[in-house]
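Down below is the structure, laid out as structure tokens.
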There are 2 protein chains.
Amino acid sequence: MKPHIVILGGGFAGMFTARELKKKLGDAAEIELINNENYFVFQPLLPEVGAGSITDQHAVSPLRFLLQGVFVRKAKVDSIDFDTQTVTVFQGVQRRPTEVSYDHLVITLGQTVDLSRTPGLTEHALTMKTLDDARRLRSHVIERLEHAEVTQLPEVKKAALTFCVIGGGFSGIETVGEMKELIDRSLKYYPNVAPAEVRVVVVEFAARILGELPEELAEYAAELLRKRGIELQLGTGVLSATATELRTTSGEDISTRTIVATIGNAPSPLVRDLPLALEHGKIAVERTLAVKEHTNVWSLGDCALIPMRDDPQRREDYAPPTAQFASREAKLVAENIVASLEGRPLKPFRYASKGSMASLGAHRGVAQVFGMNFAGPHAWLLWRAYYLSFLPGFATRLRVFLNWTLDGLAPRSVVQVSAYTPPAARYALFRAGDTVYRRGNRADSFFTVISGKFEISMPHPETDEETVRAVGPGAHFGERMILGEYRRRADVRAVEDSRVLVLDRDEFMKLADGFEAFREYFKKYFEETYGSKWTPPNSAAKAE
Amino acid sequence: MKPHIVILGGGFAGMFTARELKKKLGDAAEIELINNENYFVFQPLLPEVGAGSITDQHAVSPLRFLLQGVFVRKAKVDSIDFDTQTVTVFQGVQRRPTEVSYDHLVITLGQTVDLSRTPGLTEHALTMKTLDDARRLRSHVIERLEHAEVTQLPEVKKAALTFCVIGGGFSGIETVGEMKELIDRSLKYYPNVAPAEVRVVVVEFAARILGELPEELAEYAAELLRKRGIELQLGTGVLSATATELRTTSGEDISTRTIVATIGNAPSPLVRDLPLALEHGKIAVERTLAVKEHTNVWSLGDCALIPMRDDPQRREDYAPPTAQFASREAKLVAENIVASLEGRPLKPFRYASKGSMASLGAHRGVAQVFGMNFAGPHAWLLWRAYYLSFLPGFATRLRVFLNWTLDGLAPRSVVQVSAYTPPAARYALFRAGDTVYRRGNRADSFFTVISGKFEISMPHPETDEETVRAVGPGAHFGERMILGEYRRRADVRAVEDSRVLVLDRDEFMKLADGFEAFREYFKKYFEETYGSKWTPPNSAAKAE
């Protein structure tokens with residue numbers, strides 16, 4: 001029987017591991033890669049997708065195309081049993097469990113974002129980790145410009161035109177640089193928006209940006225971003241966020257509808273629950289990339305803590321979570337798996353970084369390569385060339401290159417192709433004093449109070465007399481949609497800092513229609529609250 | 001005061017009307033276009049987006065870019081008051097109502113899809129009307145290939161590889177041609193899928209396809225599609241659909257996971273509810289394009305029934321709903337609005353079609369131009385050239401051209417960039433005998449029964465004895481997720497044709513967490529059903 005090597009995850013680490021193994025083992029082993037998506041994401045290009053200088057399809061490549069001869073399984077990994085050497089996945093429409101056994105297992109599941117340490121960020125911040133995130137950011141920014149163009153309320157316009165990025169590392173800086181360029185290049189299509197009305201802010205806890213780069217390069221980058229009108233709030237922490245506001249340690253409450261969080265890396269839930277030792281939220285591995293206390297389980301990439309010396313002490317003694325390192329780790333893990341299959345000794349991981357780079361948008365960048373510093377257009381060109389060479393597949397490379405070229409010639413498209421629809425049920429925070437809605441607004445969601453307190457003012461439906469009532473945890477408002485109302489009849493205001501669950505009109509109406517207990521609850525509620533008889537909707541009666 | 005001309009809708013009719021008015025009136029009038037999206041969709045290219053031969057961004061163009069000098073408002077139209085000459089829209093995050101008054105109003109709201117006449121189509125068919133639809137189709141087809149590649153169940157594989165298109169008009173035929181090409185070109189990446197396992201079917205009620213084209217061209221097209229392995233079921237109607245099956249008048253129940261419906265045009269809800277006379281679901285207009293009994297309200301494009309002679313009798317006496325006609329109608333309506341502003345007489349609509357064309361995918365097409373018939377590669381090139389010339393904006397034209405060129409050179413990408421997420425709450429139909437889920441499957445949705453009957457078999461949670469119970473309307477199943485269970489403990493099967501509401505795990509759990517009445521209902525339900533005490537989740541306790 002051929003050995004079966006299973007790789008979990010299709011990012012840089014997983015994809016390169018599969019390629020290296022295939023190259024070394026050919027048909028001598030069965031290599032299988034399991035990933036949630038059928039494509040590899042070229043992570044460093046996400047800010048460019050977010051700004052529309054390349055389209056989303058150009059930042060990804062099909063795993064099947066990159067990994068010919070490797071069995072690619074698009075499925076969700078549920079659990080790993082190290083004793084029976086089995087991975088359980090769910091696949092297909094009915095979500096049937098399938099068991100995949102392995103001789104060697106490579107875990108490259110990356111990291112996820114966990115913003116739960118700062119109240120309101122999980123609920124109200126955008127992130128920049130996946131392709132969807134990038135598309136959503138672009139769509140979100142354009143939506144704000146669209147709204148700023150037509151609104152007649154100055155405070156609404158101001159919030160719509162204030163864009164905040166949390167974190168001044170590579171991801172935060174590349175995101176803000178690209179975002180500013182997108183806004184600058186789009187403004188000519190929004191005649192009612194003056195450039196001076198736009199405010200773009202980076203909030204960074206450290207005293208400087210780009211901590212991974214030498215101080216003088218970071219200083220150059222900071223200077224350049226400031227010149228382009230980006231405000232850098234350094235040494236500033238984030239206290240909390242709501243749908244309309246970002247509160248920082250500087251004492252300022254920034255009124256904004258756009259918060260992008262590039263902080264908060266955390267292990268994926270699957271990795272977190274594995275019976276493996278985690279250090280700093282990562283899987284502890286030997287220098288050989290073997291998971292501690294295992295001989296046929298390996299881990300690399302962002303999900304692993306990889307020592308680069310036998311007695312690691314400082315942060316620099318561990319491999320940084322970059323594509324450059326992941327591709328080197330992949331080479332070594334493939335070598336070591338082959339060595340292990342052949343009973344030869346394993347090698348330890350060692351690699352010296354060739355340098356690092358950041359794109360700042362608007363044709364500028366900073367780079368440190370082989371110890372030399374570059375800044376400005378040269379560094380930016382270097383950045384593009386480096387990543388272009390890294391791109392897998394000639395077709396993708398050509399497409400991205402053509403896109404980049406066209407981007408220089410043609411106007412930036414403000415098309416908002418992926419209107420992001422938020423989850424039908426979602427949590428939201430309001431601060432004391434915030435308005436939830438006003439009478440006359442379109443009624444398109446239902447609210448339940450989880451914590452805090454709200455004041456509801458409305459004319460009584462029968463006597464028309466203005467009534468005010470305060471409601472707390474367990475209460476709900478906005479349920480009058482069920483009566484067929486499309487406009488709000490009440491003003492609702494938070495009187496304490498509060499947390500709610502929001503349910504979209506469509507989902508609410510479907511539950512009222514299709515879930516008897518839900519419908520009966522509201523029937524009783526309306527009778528008790530208003531003493532009125534009410535005939536709820538019910539498609540059962542209509543059903544054929 | 002300058003006259004204010006408001007155009008509702010940004011399709012071919014609306015976009016060209018705004019352009020023509022701007023050209024004729026310059027700054028002598030305020031022209032405003034209101035649309036739900038900020039982009040114009042090049043509708044004829046949607047099948048190509050659906051097949052990935054061009055990316056979604058290349059089938060659209062920003063309205064602001066096409067309509068410089070026109071005030072573009074991205075907003076949802078709520079209502080029109082013809083007496084006060086006011087349009088009410090909702091815009092922004094809080095969905096505030098805004099009133100827009102007009103001197104002249106142009107209604108170009110197109111049509112929507114209504115599949116409700118055939119049971120199950122609304123719930124289970126994909127459509128091809130919007131950009132999202134096209135993206136979703138592509139993603140859906142690739143998902144089926146991914147699943148067919150890994151499943152070990154022959155009947156699941158067969159259903160995954162059966163693709164049905166309802167309707168043999170332009171849209172249906174172009175869609176099926178492109179879809180087949182996508183599948184054929186992708187198969188090399190799916191080594192476990194043999195070409196002979198793929199089945200692609202068109203179901204058309206009429207005796208032939210492409211009713212709008214001359215018989216010999218339609219015959220050529222049919223022959224070609226058949227040669228490419230597409231099955232044409234002509235003279236066949238659709239009776240009903242479920243998530244796993246399409247039932248037709250031929251007596252066959254086609255086991256399939258993919259149903260694309262290109263039928264069922266209907267007025268948009270807004271048009272339907274206007275106090276205007278509708279004929280065949282369209283707004284009745286004079287030959288001048290003025291809405292009947294109005295002098296400052298106009299309508300054109302797909303939402304209007306436009307007579308081309310004073311005494312229209314047959315279908316051919318009305319303008320067909322094509323881009324070619326819409327652009328001509330736009331020219332006339334602009335002329336007539338200017339004439340009306342200047343007190344001059346209005347002109348009637350007259351236009352003779354220059355021809356019509358259909359692309360069949362795989363570099364073949366059919367065309368009738370100036371009375372001459374073309375078929376094969378020439379017709380296909382003509383189709384591409386015609387639509388390329390039609391594309392607005394040089395940048396878009398260049399991008400699409402480059403994409404088309406690359407598509408010939410490079411392998412088709414099987415990247416599934418827009419994983420379509422269905423609504424969190426949705427209706428579904430099951431036929432008697434259908435399995436809903438089996439024990440061991442991942443538990444990721446909750447079901448309520450609207451009509452029909454289901455049989456639930458499971459071991460009793462305490463005694464472990466196998467129990468079977470039948471449930472009907474008002475009942476629900478799958479609620480054990482609330483107990484923290486991730487795997488199904490029961491087998492559920494429909495014993496009658498049934499209709500259910502499906503709620504995703506995530507939304508269900510949020511409601512259980514955040515909606516007290518919902519949580520209390522299940523608490524009581526579990527106590528009454530199993531006699532067990534149960535502590536429901538509640539984030540209120542955890543909330544800060």
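Identifiers in the structure tokens: chain A, B, ... in order shown; residue index from 1 per chain; ligand index from 1 in order shown.
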Give me the residues within 8 Å of Val41 of chain A as a ChimeraX atom specification, counting only C-alpha atoms and dropping any in the same chain fewer than 4 places off. /A:11,59-61,130-131
Identify, on the basis of only C-alpha atoms, every residue whose closest approach to segment 382-385 of chain A does not exceed 8 Å; exclude the query and any residue fewer than 2 positions from it along the same chain; express the result as a count of residues only. 11
Would you mind listing, as a PyMOL selection string, all residues of chain B that have at least one atom within 6 Å of chain A, where only C-alpha atoms are what counts? chain B and resi 39+62+64+92+95-97+147+189+395+410+414-415+425+441-442+448+450-451+474+501+507+514-516+540
Using DSSP assignments from the backbone, pull out every residue in segment 251-416 of chain B that falls under strand (DSSP E) and give it to me as an MDAnalysis selection string. chainID B and resid 253:255 258:261 265:267 278:279 282:284 297:299 304:305 355:361 364:369 372:376
Which residues, written as a VMD selection string, have at least one atom at most 10 Å from Leu276 of chain B, with only C-alpha atoms counted and residues fewer than 2 positions away on the same chain left out? chain B and resid 82 271 to 274 278 to 279 282 to 285 291 to 294
I'd like the contact shell of segment 302-315 of chain B - 10 Å cut-off, only C-alpha atoms, skipping same-chain residues fewer than 4 positions apart - returned as an MDAnalysis selection string. chainID B and resid 11:13 107:112 265:268 271 278:291 298 319:323 325:326 329 348:352
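Counting only C-alpha atoms and comparing A:Gly301, A:Asn296, A:Glu174, A:Arg136, the residue that lies closest to Ser327 of chain A is A:Gly301.
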Excluding Ala125 of chain A and residues on its chain fewer than 4 positions from it, collect all residues at most 12 Å away from it, counting only C-alpha atoms, and give them as a short mmCIF file (atom, residue, chain, number, x, y, z; two decimals) with N, CA, C and O atoms, in the first residue's frame.
```cif
data_model
loop_
_atom_site.label_atom_id
_atom_site.label_comp_id
_atom_site.auth_asym_id
_atom_site.auth_seq_id
_atom_site.Cartn_x
_atom_site.Cartn_y
_atom_site.Cartn_z
N VAL A 113 -9.38 35.33 12.95
CA VAL A 113 -9.41 36.61 13.64
C VAL A 113 -10.31 36.48 14.87
O VAL A 113 -11.40 35.94 14.77
N ASP A 114 -9.84 36.94 15.98
CA ASP A 114 -10.67 36.98 17.18
C ASP A 114 -10.60 38.39 17.75
O ASP A 114 -9.57 38.83 18.25
N LEU A 115 -11.71 39.11 17.63
CA LEU A 115 -11.73 40.51 18.07
C LEU A 115 -12.47 40.67 19.39
O LEU A 115 -12.78 41.77 19.80
N SER A 116 -12.73 39.54 20.05
CA SER A 116 -13.63 39.60 21.20
C SER A 116 -13.07 40.33 22.40
O SER A 116 -13.80 40.65 23.32
N THR A 118 -12.04 43.34 22.50
CA THR A 118 -12.48 44.74 22.50
C THR A 118 -13.98 44.79 22.24
O THR A 118 -14.43 44.36 21.18
N PRO A 119 -14.77 45.31 23.19
CA PRO A 119 -16.23 45.29 23.01
C PRO A 119 -16.65 45.97 21.71
O PRO A 119 -16.19 47.08 21.41
N GLY A 120 -17.48 45.30 20.95
CA GLY A 120 -18.06 45.91 19.75
C GLY A 120 -17.29 45.62 18.47
O GLY A 120 -17.84 45.77 17.38
N LEU A 121 -16.03 45.20 18.58
CA LEU A 121 -15.27 44.98 17.35
C LEU A 121 -15.79 43.76 16.58
O LEU A 121 -15.93 43.81 15.36
N ASP A 133 -13.60 39.11 2.71
CA ASP A 133 -13.33 40.33 3.47
C ASP A 133 -12.92 41.46 2.55
O ASP A 133 -13.37 42.59 2.69
N ARG A 136 -15.76 42.68 0.47
CA ARG A 136 -16.70 43.38 1.33
C ARG A 136 -16.19 44.79 1.66
O ARG A 136 -16.96 45.74 1.67
N LEU A 137 -14.88 44.91 1.89
CA LEU A 137 -14.33 46.22 2.22
C LEU A 137 -14.55 47.19 1.06
O LEU A 137 -15.00 48.32 1.24
N HIS A 140 -18.10 48.12 0.82
CA HIS A 140 -18.46 48.95 1.97
C HIS A 140 -18.01 50.40 1.77
O HIS A 140 -18.77 51.35 2.01
N PHE A 163 -13.08 56.99 7.83
CA PHE A 163 -12.68 55.59 7.65
C PHE A 163 -11.55 55.27 8.64
O PHE A 163 -10.53 55.94 8.63
N CYS A 164 -11.74 54.27 9.48
CA CYS A 164 -10.74 53.94 10.50
C CYS A 164 -10.15 52.56 10.27
O CYS A 164 -10.87 51.60 10.00
N VAL A 165 -8.83 52.48 10.38
CA VAL A 165 -8.15 51.20 10.31
C VAL A 165 -7.45 50.96 11.64
O VAL A 165 -6.70 51.82 12.10
N ILE A 166 -7.69 49.81 12.26
CA ILE A 166 -7.05 49.50 13.53
C ILE A 166 -5.85 48.60 13.26
O ILE A 166 -6.01 47.51 12.68
N VAL A 238 -7.64 50.93 21.29
CA VAL A 238 -9.07 50.99 21.01
C VAL A 238 -9.83 50.47 22.22
O VAL A 238 -9.52 49.40 22.75
N SER A 240 -13.56 50.60 22.52
CA SER A 240 -14.81 49.93 22.14
C SER A 240 -15.32 50.50 20.83
O SER A 240 -14.87 51.54 20.37
N ALA A 241 -16.28 49.81 20.25
CA ALA A 241 -16.85 50.23 18.97
C ALA A 241 -18.35 49.97 18.96
O ALA A 241 -18.84 49.06 19.62
N THR A 242 -19.06 50.80 18.19
CA THR A 242 -20.46 50.53 17.90
C THR A 242 -20.62 50.71 16.39
O THR A 242 -19.64 50.93 15.68
N ALA A 243 -21.86 50.62 15.91
CA ALA A 243 -22.10 50.78 14.48
C ALA A 243 -21.75 52.18 14.01
O ALA A 243 -21.56 52.42 12.82
N THR A 244 -21.65 53.15 14.94
CA THR A 244 -21.48 54.54 14.53
C THR A 244 -20.26 55.22 15.14
O THR A 244 -20.04 56.39 14.90
N GLU A 245 -19.46 54.49 15.91
CA GLU A 245 -18.45 55.17 16.70
C GLU A 245 -17.29 54.27 17.09
O GLU A 245 -17.49 53.10 17.39
N LEU A 246 -16.10 54.85 17.11
CA LEU A 246 -14.93 54.13 17.61
C LEU A 246 -14.35 54.94 18.78
O LEU A 246 -14.05 56.13 18.63
N THR A 256 -17.96 57.25 13.02
CA THR A 256 -17.58 56.57 11.77
C THR A 256 -18.50 55.41 11.47
O THR A 256 -19.09 54.81 12.38
N ARG A 257 -18.62 55.10 10.20
CA ARG A 257 -19.37 53.91 9.77
C ARG A 257 -18.44 52.83 9.25
O ARG A 257 -18.87 51.81 8.75
N THR A 258 -17.13 53.09 9.31
CA THR A 258 -16.16 52.14 8.75
C THR A 258 -15.02 51.89 9.72
O THR A 258 -14.19 52.77 9.95
N ILE A 259 -14.96 50.68 10.26
CA ILE A 259 -13.86 50.28 11.12
C ILE A 259 -13.27 49.01 10.53
O ILE A 259 -13.97 48.01 10.38
N VAL A 260 -11.99 49.06 10.15
CA VAL A 260 -11.33 47.87 9.64
C VAL A 260 -10.33 47.42 10.70
O VAL A 260 -9.43 48.18 11.06
N ALA A 261 -10.49 46.20 11.20
CA ALA A 261 -9.58 45.71 12.23
C ALA A 261 -8.59 44.75 11.60
O ALA A 261 -8.98 43.74 11.01
N THR A 262 -7.30 45.06 11.69
CA THR A 262 -6.27 44.16 11.14
C THR A 262 -5.48 43.53 12.29
O THR A 262 -4.32 43.16 12.13
N ILE A 263 -6.10 43.45 13.45
CA ILE A 263 -5.45 42.88 14.64
C ILE A 263 -6.16 41.59 15.05
O ILE A 263 -7.09 41.16 14.39
N GLY A 264 -5.71 40.97 16.14
CA GLY A 264 -6.48 39.88 16.75
C GLY A 264 -6.33 38.52 16.13
O GLY A 264 -7.32 37.80 15.98
N ALA A 428 -25.57 43.69 17.74
CA ALA A 428 -25.14 45.08 17.56
C ALA A 428 -25.08 45.76 18.91
O ALA A 428 -25.81 45.40 19.84
N LEU A 429 -24.16 46.73 19.02
CA LEU A 429 -24.03 47.51 20.25
C LEU A 429 -24.52 48.92 20.02
O LEU A 429 -24.28 49.51 18.96
#
```
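Between atom CA of Phe370 of chain A and atom CA of Ser353 of chain A the separation is 8.2 Å.
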Any idea what's packed within 12 Å of Val366 of chain B, counting only C-alpha atoms, ignoring anything in its chain fewer than 4 positions away? Could you give it as an MDAnalysis selection string? chainID B and resid 170 173:174 210 212:225 355:361 372:384
Deliver the residues from the most recent selection as a file, using N, CA, C and O atoms, as a compact mmCIF listing (two decimals), in the first residue's frame.
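Printed below is again_8.txt as written:
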```txt
# COMPACT_ATOMS: atom_id res chain seq x y z
N PHE B 170 -33.64 32.79 -25.73
CA PHE B 170 -32.27 33.31 -25.77
C PHE B 170 -31.53 33.02 -24.47
O PHE B 170 -30.44 32.48 -24.45
N ILE B 173 -30.87 29.24 -23.75
CA ILE B 173 -29.92 28.62 -24.68
C ILE B 173 -28.51 29.17 -24.46
O ILE B 173 -27.53 28.42 -24.43
N GLU B 174 -28.39 30.48 -24.29
CA GLU B 174 -27.06 31.03 -24.04
C GLU B 174 -26.50 30.51 -22.72
O GLU B 174 -25.32 30.23 -22.59
N LEU B 210 -35.43 28.76 -29.28
CA LEU B 210 -35.18 30.06 -29.90
C LEU B 210 -36.35 30.53 -30.77
O LEU B 210 -36.17 30.86 -31.96
N GLU B 212 -37.72 33.17 -31.17
CA GLU B 212 -37.59 34.49 -31.77
C GLU B 212 -36.82 34.45 -33.08
O GLU B 212 -36.82 35.42 -33.84
N LEU B 213 -36.13 33.35 -33.36
CA LEU B 213 -35.31 33.26 -34.57
C LEU B 213 -36.01 32.39 -35.62
O LEU B 213 -36.88 31.60 -35.30
N PRO B 214 -35.62 32.55 -36.89
CA PRO B 214 -36.22 31.73 -37.94
C PRO B 214 -35.97 30.24 -37.66
O PRO B 214 -34.96 29.87 -37.05
N GLU B 215 -36.86 29.42 -38.15
CA GLU B 215 -36.83 27.99 -37.87
C GLU B 215 -35.50 27.33 -38.23
O GLU B 215 -34.97 26.53 -37.47
N GLU B 216 -34.94 27.70 -39.41
CA GLU B 216 -33.73 26.99 -39.84
C GLU B 216 -32.54 27.31 -38.92
O GLU B 216 -31.70 26.44 -38.66
N LEU B 217 -32.50 28.53 -38.40
CA LEU B 217 -31.41 28.87 -37.46
C LEU B 217 -31.58 28.11 -36.15
O LEU B 217 -30.63 27.59 -35.58
N ALA B 218 -32.82 28.07 -35.68
CA ALA B 218 -33.10 27.36 -34.44
C ALA B 218 -32.74 25.88 -34.60
O ALA B 218 -32.20 25.25 -33.69
N GLU B 219 -33.02 25.34 -35.79
CA GLU B 219 -32.73 23.94 -36.06
C GLU B 219 -31.22 23.70 -36.03
O GLU B 219 -30.73 22.73 -35.45
N TYR B 220 -30.49 24.62 -36.64
CA TYR B 220 -29.02 24.54 -36.62
C TYR B 220 -28.51 24.56 -35.18
O TYR B 220 -27.67 23.75 -34.78
N ALA B 221 -29.05 25.50 -34.41
CA ALA B 221 -28.63 25.62 -33.01
C ALA B 221 -28.93 24.34 -32.24
O ALA B 221 -28.08 23.83 -31.50
N ALA B 222 -30.12 23.80 -32.45
CA ALA B 222 -30.52 22.59 -31.74
C ALA B 222 -29.57 21.43 -32.09
O ALA B 222 -29.11 20.70 -31.21
N GLU B 223 -29.27 21.31 -33.37
CA GLU B 223 -28.38 20.25 -33.84
C GLU B 223 -27.02 20.36 -33.17
O GLU B 223 -26.45 19.38 -32.67
N LEU B 224 -26.52 21.58 -33.15
CA LEU B 224 -25.21 21.83 -32.58
C LEU B 224 -25.16 21.52 -31.08
O LEU B 224 -24.21 20.91 -30.58
N LEU B 225 -26.19 21.96 -30.38
CA LEU B 225 -26.23 21.72 -28.93
C LEU B 225 -26.31 20.22 -28.67
O LEU B 225 -25.64 19.70 -27.78
N GLY B 355 -31.98 42.86 -36.49
CA GLY B 355 -31.68 41.42 -36.47
C GLY B 355 -31.60 40.91 -35.05
O GLY B 355 -31.79 41.66 -34.10
N SER B 356 -31.31 39.62 -34.93
CA SER B 356 -31.10 39.09 -33.58
C SER B 356 -30.11 37.94 -33.63
O SER B 356 -29.88 37.33 -34.67
N MET B 357 -29.51 37.68 -32.49
CA MET B 357 -28.39 36.75 -32.43
C MET B 357 -28.41 35.99 -31.13
O MET B 357 -28.89 36.49 -30.12
N ALA B 358 -27.84 34.81 -31.15
CA ALA B 358 -27.64 34.05 -29.91
C ALA B 358 -26.27 33.40 -29.95
O ALA B 358 -25.84 32.89 -30.99
N SER B 359 -25.58 33.45 -28.80
CA SER B 359 -24.32 32.73 -28.68
C SER B 359 -24.63 31.35 -28.13
O SER B 359 -25.48 31.20 -27.26
N LEU B 360 -23.94 30.35 -28.65
CA LEU B 360 -24.22 28.98 -28.21
C LEU B 360 -23.08 28.41 -27.37
O LEU B 360 -23.07 27.25 -27.02
N GLY B 361 -22.07 29.24 -27.07
CA GLY B 361 -20.88 28.76 -26.35
C GLY B 361 -19.97 28.01 -27.31
O GLY B 361 -20.33 27.75 -28.48
N MET B 372 -30.58 38.35 -43.28
CA MET B 372 -29.71 37.24 -43.67
C MET B 372 -29.40 36.35 -42.47
O MET B 372 -29.24 36.84 -41.36
N ASN B 373 -29.27 35.07 -42.72
CA ASN B 373 -28.96 34.13 -41.65
C ASN B 373 -27.48 33.77 -41.60
O ASN B 373 -26.86 33.56 -42.64
N PHE B 374 -26.95 33.71 -40.42
CA PHE B 374 -25.58 33.26 -40.21
C PHE B 374 -25.59 32.19 -39.14
O PHE B 374 -26.36 32.26 -38.19
N ALA B 375 -24.70 31.22 -39.25
CA ALA B 375 -24.61 30.20 -38.22
C ALA B 375 -23.17 29.74 -38.11
O ALA B 375 -22.43 29.75 -39.09
N GLY B 376 -22.75 29.34 -36.89
CA GLY B 376 -21.40 28.82 -36.70
C GLY B 376 -20.46 29.86 -36.13
O GLY B 376 -20.89 30.82 -35.49
N PRO B 377 -19.15 29.70 -36.37
CA PRO B 377 -18.16 30.60 -35.81
C PRO B 377 -18.37 32.06 -36.23
O PRO B 377 -18.14 32.98 -35.44
N HIS B 378 -18.83 32.28 -37.51
CA HIS B 378 -19.04 33.66 -37.96
C HIS B 378 -20.08 34.35 -37.12
O HIS B 378 -19.93 35.50 -36.72
N ALA B 379 -21.17 33.66 -36.90
CA ALA B 379 -22.25 34.25 -36.13
C ALA B 379 -21.79 34.54 -34.71
O ALA B 379 -22.16 35.54 -34.10
N TRP B 380 -20.95 33.65 -34.20
CA TRP B 380 -20.44 33.84 -32.85
C TRP B 380 -19.54 35.07 -32.77
O TRP B 380 -19.65 35.90 -31.86
N LEU B 381 -18.66 35.22 -33.79
CA LEU B 381 -17.79 36.40 -33.83
C LEU B 381 -18.61 37.68 -33.96
O LEU B 381 -18.33 38.69 -33.31
N LEU B 382 -19.65 37.60 -34.80
CA LEU B 382 -20.54 38.74 -34.98
C LEU B 382 -21.16 39.12 -33.64
O LEU B 382 -21.23 40.29 -33.27
N TRP B 383 -21.61 38.09 -32.92
CA TRP B 383 -22.23 38.31 -31.61
C TRP B 383 -21.27 39.04 -30.69
O TRP B 383 -21.60 40.05 -30.07
N ARG B 384 -20.04 38.54 -30.63
CA ARG B 384 -19.05 39.16 -29.73
C ARG B 384 -18.74 40.59 -30.15
O ARG B 384 -18.67 41.49 -29.32
```
